[in-house]
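Beneath this line is the structure, given in structure tokens, with notes to follow.
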Amino acid sequence: MRLSRLFTKTSKSAPADAETANAKYLIQGGFVHQEMAGVYSWLPLGLRVLHKVENIIREEMDKLGAQEIRMSALQPKESWEITGRWNSMDVLFKVPSQTNKEYALGPTHEEIVTPLVGLFIHSYKDLPVAVYQIQSKFRDELRAKSGVMRGREFGMKDLYSFHATQGDLENFYGKVMDVYIKLFHRCGIDTKVVEASGGPFTKKLSHEFQVVSDAGEDVIVICPKCEVAQNSEMFDPGAVKKNCPTCGSAYEYKKGIEIGNIFDLGSKFADAFKVQLMDEAGERQTILMGCYGIGTTRLVGSIVEVSHDERGIIWPKSVAPYAVHLVTLKSKDAEIQDRIDEESEDLYDTLIKEGVEVLWDDRDASPGEKLADADLIGCPLRILISEKTLKEDSVEWKFRGEKEMRLVNLRDVIEESRSI
RNA sequence: CGGGCUAUGGCGCAGUUGGUAGCGCGCUUCGUUCGGGACGAAGAGGUCGCGAGUUCGAGUCUCGCUAGCCCGACCA
């Protein structure tokens, strides 16, 4: 992509009311645009990042054997009445229609997925089944905040699993836990697995995946030795423990961003929708369900929170909008300028042919502006061509997360780029 | 939903005791620049969030509303 053609622009000043790093840099860099409190449009650079995150999740879900579907965002009121959540879920957006009907705007999809899967599942032989989707969810939060972290419309992956036995469910639940840790790691994020209360939702198993960050809303309790963590909401305020019961170490209290949450739903939803199956003995059996969510847009925000400096974002390679930010600096010497143009264009074309994702700053802008934008946008590798570097028949090679730069000979650039 | 702050050009801001709106960035044109957000010159761009009220006169004062941000509560 040529930066001169990218319709979004970076901004020299961040929005005054952006306090969190994710809001500041995502907006300043032109990754997202805020439409309303808690509602964002995703622009070309931001959407590329979001797609990469989604594709990592997709790969891991597929490896788990889950099947991707896409469910409706508009949902029938009747289904929400069946589970009793039409009135009990306060964040539910209720959408009126011209015909005096009302719809729910999906904050989650149990009400859709349960009867949907039930339509096709009749025998224990059909199980287990796992389906997932990645799409927008809507929650009428009383207070949207912290940029992309808590929105009223946001991206989410949700996975639902269906099992004939508790043992099978727990086995799958454990697998998802491992996959989640791996998947977040692939996105450049370390998570703490935290035991959580399922709230009014379920009294059974529930775990959260927390990113330790001051931008977080939750307080998690971590034992530094055994790596055991709990959400502080689990603690009865009158009975806060100071030390880990297992090893005696003093607990650490840290703020965390919840980017994933998994639940053992039991038979709650299957019962509500009367989804049953025939077991080996020819008896009707209840189906057990698990659900496993990841906030995709929040995950992008979390990456920014844990990976930035005072100049901008430092994207992990796996989710960066482009792998390479190619910067061309001008020369006052016309002859040298011709060579700079030629080598830049050539390098840009060749890198693309090699399958390298390149953002080329071909603008007629000052060096300062170009370098500042490269830092703000935060692609992992900056390749710079200028009069100086061409004197050495080289380009400057600098990784966003590192201070040092080095020269790479023009004829070695392609070879070197294979290793990024 | 309670409390607080804010609302002036695309963005960031100033605007005094009320007198009819200005700066920086960005944008357009021309010229000079070119390794950490260059400079000069000439331009374009604003019903001052919305609605009432007070006043000869309101960006400025009063009331109402709306929106955004922050704290809290809430967060299947």
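Identifiers for the structure tokens are assigned positionally: chains receive A, B, ... in sequence, residues are indexed from 1 per chain, and ligands are indexed from 1 in the order shown.
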Shell around stretch 64-70 of chain B at 10 Å using only C-alpha atoms (C1' of nucleotides), local window under 5 positions removed, as a count of residues only: 16
Closest atom pairs, chain A residues within 8 Å of chain B, only C-alpha atoms (C1' of nucleotides), as JSON lines:
{"residue": "A:Ser11", "atom": "CA", "partner": "B:C11", "partner_atom": "C1'", "distance": 7.3}
{"residue": "A:Lys12", "atom": "CA", "partner": "B:G37", "partner_atom": "C1'", "distance": 7.0}
{"residue": "A:Ser13", "atom": "CA", "partner": "B:G12", "partner_atom": "C1'", "distance": 6.5}
{"residue": "A:Pro15", "atom": "CA", "partner": "B:C11", "partner_atom": "C1'", "distance": 7.6}
{"residue": "A:Ala16", "atom": "CA", "partner": "B:G12", "partner_atom": "C1'", "distance": 7.4}
{"residue": "A:Asp17", "atom": "CA", "partner": "B:C69", "partner_atom": "C1'", "distance": 5.7}
{"residue": "A:Ala37", "atom": "CA", "partner": "B:G68", "partner_atom": "C1'", "distance": 7.1}
{"residue": "A:Met89", "atom": "CA", "partner": "B:A76", "partner_atom": "C1'", "distance": 7.0}
{"residue": "A:Thr108", "atom": "CA", "partner": "B:A76", "partner_atom": "C1'", "distance": 7.6}
{"residue": "A:Glu141", "atom": "CA", "partner": "B:C75", "partner_atom": "C1'", "distance": 7.5}
{"residue": "A:Leu142", "atom": "CA", "partner": "B:C74", "partner_atom": "C1'", "distance": 7.3}
{"residue": "A:Pro200", "atom": "CA", "partner": "B:A76", "partner_atom": "C1'", "distance": 7.7}
{"residue": "A:Phe201", "atom": "CA", "partner": "B:A76", "partner_atom": "C1'", "distance": 6.0}
{"residue": "A:Leu329", "atom": "CA", "partner": "B:C34", "partner_atom": "C1'", "distance": 7.7}
{"residue": "A:Lys330", "atom": "CA", "partner": "B:C34", "partner_atom": "C1'", "distance": 6.1}
{"residue": "A:Ser331", "atom": "CA", "partner": "B:C34", "partner_atom": "C1'", "distance": 6.5}
{"residue": "A:Lys332", "atom": "CA", "partner": "B:C34", "partner_atom": "C1'", "distance": 7.1}
{"residue": "A:Ser366", "atom": "CA", "partner": "B:C34", "partner_atom": "C1'", "distance": 6.1}
{"residue": "A:Pro367", "atom": "CA", "partner": "B:G35", "partner_atom": "C1'", "distance": 6.1}
{"residue": "A:Gly368", "atom": "CA", "partner": "B:G36", "partner_atom": "C1'", "distance": 4.3}
{"residue": "A:Glu369", "atom": "CA", "partner": "B:G37", "partner_atom": "C1'", "distance": 4.2}
{"residue": "A:Lys370", "atom": "CA", "partner": "B:G37", "partner_atom": "C1'", "distance": 7.8}
{"residue": "A:Leu371", "atom": "CA", "partner": "B:G36", "partner_atom": "C1'", "distance": 6.3}
{"residue": "A:Ala372", "atom": "CA", "partner": "B:G37", "partner_atom": "C1'", "distance": 6.4}
Can I get the selected residues back with C-alpha atoms, as a CSV table (one decimal), in the first residue's frame?
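File produced: part_34.csv:
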chain,number,residue,atom,x,y,z
A,11,SER,CA,-2.9,13.1,13.2
A,12,LYS,CA,-0.3,15.2,14.9
A,13,SER,CA,-2.3,15.5,18.0
A,15,PRO,CA,-7.8,13.4,20.7
A,16,ALA,CA,-7.9,15.4,24.0
A,17,ASP,CA,-10.2,13.0,25.8
A,37,ALA,CA,-19.4,6.5,22.8
A,89,MET,CA,-30.5,-8.9,30.9
A,108,THR,CA,-24.5,-13.1,22.9
A,141,GLU,CA,-23.4,-0.7,28.5
A,142,LEU,CA,-24.3,2.0,31.0
A,200,PRO,CA,-25.9,-15.5,37.6
A,201,PHE,CA,-25.1,-17.3,34.4
A,329,LEU,CA,13.6,10.2,1.9
A,330,LYS,CA,14.2,12.9,-0.7
A,331,SER,CA,17.4,14.3,-1.9
A,332,LYS,CA,18.0,17.8,-3.3
A,366,SER,CA,9.4,15.9,5.5
A,367,PRO,CA,11.7,13.2,7.0
A,368,GLY,CA,10.5,14.1,10.4
A,369,GLU,CA,6.9,13.5,9.5
A,370,LYS,CA,7.6,10.2,7.8
A,371,LEU,CA,9.7,8.9,10.7
A,372,ALA,CA,7.1,10.0,13.2
- request: Extract the full set of alpha helix (DSSP H) residues from stretch 77-199 of chain A according to DSSP on the backbone, and format it as a PyMOL selection string.
  value: chain A and resi 77-82+85-88+110-118+166-186
query: Residues of stretch 137-304 of chain A in strand (DSSP E or B) according to DSSP, as a VMD selection string?
result: chain A and resid 137 to 138 145 150 153 to 163 192 to 195 206 to 212 218 to 222 229 to 231 243 250 252 to 266 276 to 278 284 to 286 288 to 295
Emit the selected residues as a PDB file, in the first residue's frame, including C-alpha atoms.
ATOM      1  CA  LYS A 137     -22.125  -8.072  19.415  1.00  0.00           C
ATOM      2  CA  PHE A 138     -24.230  -5.363  20.931  1.00  0.00           C
ATOM      3  CA  LYS A 145     -15.082   3.588  28.128  1.00  0.00           C
ATOM      4  CA  ARG A 150     -15.584  -1.492  26.441  1.00  0.00           C
ATOM      5  CA  GLU A 153     -20.854  -2.595  19.574  1.00  0.00           C
ATOM      6  CA  PHE A 154     -17.785  -4.766  19.500  1.00  0.00           C
ATOM      7  CA  GLY A 155     -16.221  -7.767  17.805  1.00  0.00           C
ATOM      8  CA  MET A 156     -16.365 -11.127  19.439  1.00  0.00           C
ATOM      9  CA  LYS A 157     -15.590 -14.713  18.693  1.00  0.00           C
ATOM     10  CA  ASP A 158     -17.853 -17.123  20.466  1.00  0.00           C
ATOM     11  CA  LEU A 159     -17.515 -20.845  20.465  1.00  0.00           C
ATOM     12  CA  TYR A 160     -20.244 -23.180  21.664  1.00  0.00           C
ATOM     13  CA  SER A 161     -19.732 -26.855  22.351  1.00  0.00           C
ATOM     14  CA  PHE A 162     -22.308 -29.587  22.810  1.00  0.00           C
ATOM     15  CA  HIS A 163     -21.714 -32.802  24.683  1.00  0.00           C
ATOM     16  CA  LYS A 192      -3.307 -15.231  33.206  1.00  0.00           C
ATOM     17  CA  VAL A 193      -5.971 -17.861  33.500  1.00  0.00           C
ATOM     18  CA  VAL A 194      -8.189 -16.760  36.296  1.00  0.00           C
ATOM     19  CA  GLU A 195     -10.887 -18.666  38.094  1.00  0.00           C
ATOM     20  CA  SER A 206     -15.753 -20.552  34.573  1.00  0.00           C
ATOM     21  CA  HIS A 207     -12.389 -19.092  33.734  1.00  0.00           C
ATOM     22  CA  GLU A 208     -11.271 -15.715  32.515  1.00  0.00           C
ATOM     23  CA  PHE A 209      -8.200 -14.918  30.474  1.00  0.00           C
ATOM     24  CA  GLN A 210      -6.683 -11.761  31.821  1.00  0.00           C
ATOM     25  CA  VAL A 211      -3.970  -9.541  30.391  1.00  0.00           C
ATOM     26  CA  VAL A 212      -2.075  -7.802  33.149  1.00  0.00           C
ATOM     27  CA  ASP A 218     -10.632  -6.025  36.870  1.00  0.00           C
ATOM     28  CA  VAL A 219      -8.390  -6.668  39.796  1.00  0.00           C
ATOM     29  CA  ILE A 220      -6.816 -10.072  39.764  1.00  0.00           C
ATOM     30  CA  VAL A 221      -5.068 -11.816  42.573  1.00  0.00           C
ATOM     31  CA  ILE A 222      -1.942 -13.628  41.550  1.00  0.00           C
ATOM     32  CA  ALA A 229      -4.741 -16.358  39.767  1.00  0.00           C
ATOM     33  CA  GLN A 230      -8.223 -15.376  40.766  1.00  0.00           C
ATOM     34  CA  ASN A 231     -10.511 -12.531  39.938  1.00  0.00           C
ATOM     35  CA  ASN A 243      -1.355 -15.297  51.304  1.00  0.00           C
ATOM     36  CA  ALA A 250       2.052 -13.109  49.507  1.00  0.00           C
ATOM     37  CA  GLU A 252      -0.020  -9.772  44.264  1.00  0.00           C
ATOM     38  CA  TYR A 253      -2.945  -7.641  43.195  1.00  0.00           C
ATOM     39  CA  LYS A 254      -2.859  -6.471  39.614  1.00  0.00           C
ATOM     40  CA  LYS A 255      -5.213  -4.871  37.184  1.00  0.00           C
ATOM     41  CA  GLY A 256      -6.269  -7.035  34.320  1.00  0.00           C
ATOM     42  CA  ILE A 257      -8.117  -6.807  31.028  1.00  0.00           C
ATOM     43  CA  GLU A 258     -10.452  -9.702  30.456  1.00  0.00           C
ATOM     44  CA  ILE A 259     -10.032 -10.800  26.857  1.00  0.00           C
ATOM     45  CA  GLY A 260     -11.549 -14.241  27.115  1.00  0.00           C
ATOM     46  CA  ASN A 261     -14.087 -15.984  29.261  1.00  0.00           C
ATOM     47  CA  ILE A 262     -15.180 -19.586  29.178  1.00  0.00           C
ATOM     48  CA  PHE A 263     -18.146 -21.243  30.866  1.00  0.00           C
ATOM     49  CA  ASP A 264     -19.565 -24.642  31.556  1.00  0.00           C
ATOM     50  CA  LEU A 265     -23.213 -23.923  30.824  1.00  0.00           C
ATOM     51  CA  GLY A 266     -24.494 -27.295  31.864  1.00  0.00           C
ATOM     52  CA  GLN A 276     -32.321 -33.497  23.756  1.00  0.00           C
ATOM     53  CA  LEU A 277     -30.814 -36.547  22.162  1.00  0.00           C
ATOM     54  CA  MET A 278     -31.284 -40.268  22.183  1.00  0.00           C
ATOM     55  CA  ARG A 284     -33.868 -39.157  25.970  1.00  0.00           C
ATOM     56  CA  GLN A 285     -30.857 -37.338  27.320  1.00  0.00           C
ATOM     57  CA  THR A 286     -30.089 -33.755  28.148  1.00  0.00           C
ATOM     58  CA  LEU A 288     -24.580 -30.242  27.942  1.00  0.00           C
ATOM     59  CA  MET A 289     -23.066 -27.059  26.622  1.00  0.00           C
ATOM     60  CA  GLY A 290     -20.003 -24.946  27.039  1.00  0.00           C
ATOM     61  CA  CYS A 291     -19.389 -21.455  25.723  1.00  0.00           C
ATOM     62  CA  TYR A 292     -16.091 -19.767  25.117  1.00  0.00           C
ATOM     63  CA  GLY A 293     -15.736 -16.106  24.180  1.00  0.00           C
ATOM     64  CA  ILE A 294     -12.949 -13.836  23.024  1.00  0.00           C
ATOM     65  CA  GLY A 295     -13.405 -10.117  22.541  1.00  0.00           C
TER      66      GLY A 295
END
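Taking atom CA of A:Val148 and atom CA of A:Ser4 as endpoints, the distance between them is 27.0 Å.
Between B:G59 and the candidates B:G15, B:G31, B:G46, B:G72, the tightest atom-to-atom separation, counting only C-alpha atoms (C1' of nucleotides), involves B:G15.
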field: Closest of A:Phe273, A:Thr20, A:Leu105, A:Ala14 to A:Ser79 - atom-to-atom distances counting only C-alpha atoms
entry: A:Phe273
field: Spatial neighbours of A:Glu78, 10 Å, only C-alpha atoms (C1' of nucleotides), chain gap at least 3 places, as a PyMOL selection string
entry: chain A and resi 75+81-84+86+102-104+111
Hey, can you spit out that residue selection with C-alpha atoms as a PDB file, in the first residue's frame?
ATOM      1  CA  GLN A  75     -32.837 -12.149  17.213  1.00  0.00           C
ATOM      2  CA  GLU A  81     -38.433 -14.871  26.646  1.00  0.00           C
ATOM      3  CA  ILE A  82     -37.930 -18.626  26.675  1.00  0.00           C
ATOM      4  CA  THR A  83     -34.698 -18.219  28.632  1.00  0.00           C
ATOM      5  CA  GLY A  84     -36.139 -15.412  30.740  1.00  0.00           C
ATOM      6  CA  TRP A  86     -35.629 -10.608  27.725  1.00  0.00           C
ATOM      7  CA  GLU A 102     -39.471  -6.170  18.958  1.00  0.00           C
ATOM      8  CA  TYR A 103     -36.147  -7.824  18.347  1.00  0.00           C
ATOM      9  CA  ALA A 104     -33.093  -8.386  20.431  1.00  0.00           C
ATOM     10  CA  GLU A 111     -30.616 -18.149  22.283  1.00  0.00           C
TER      11      GLU A 111
END
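Distance-wise, atom CA of A:Leu326 and atom CA of A:Leu384 end up 5.8 Å apart.
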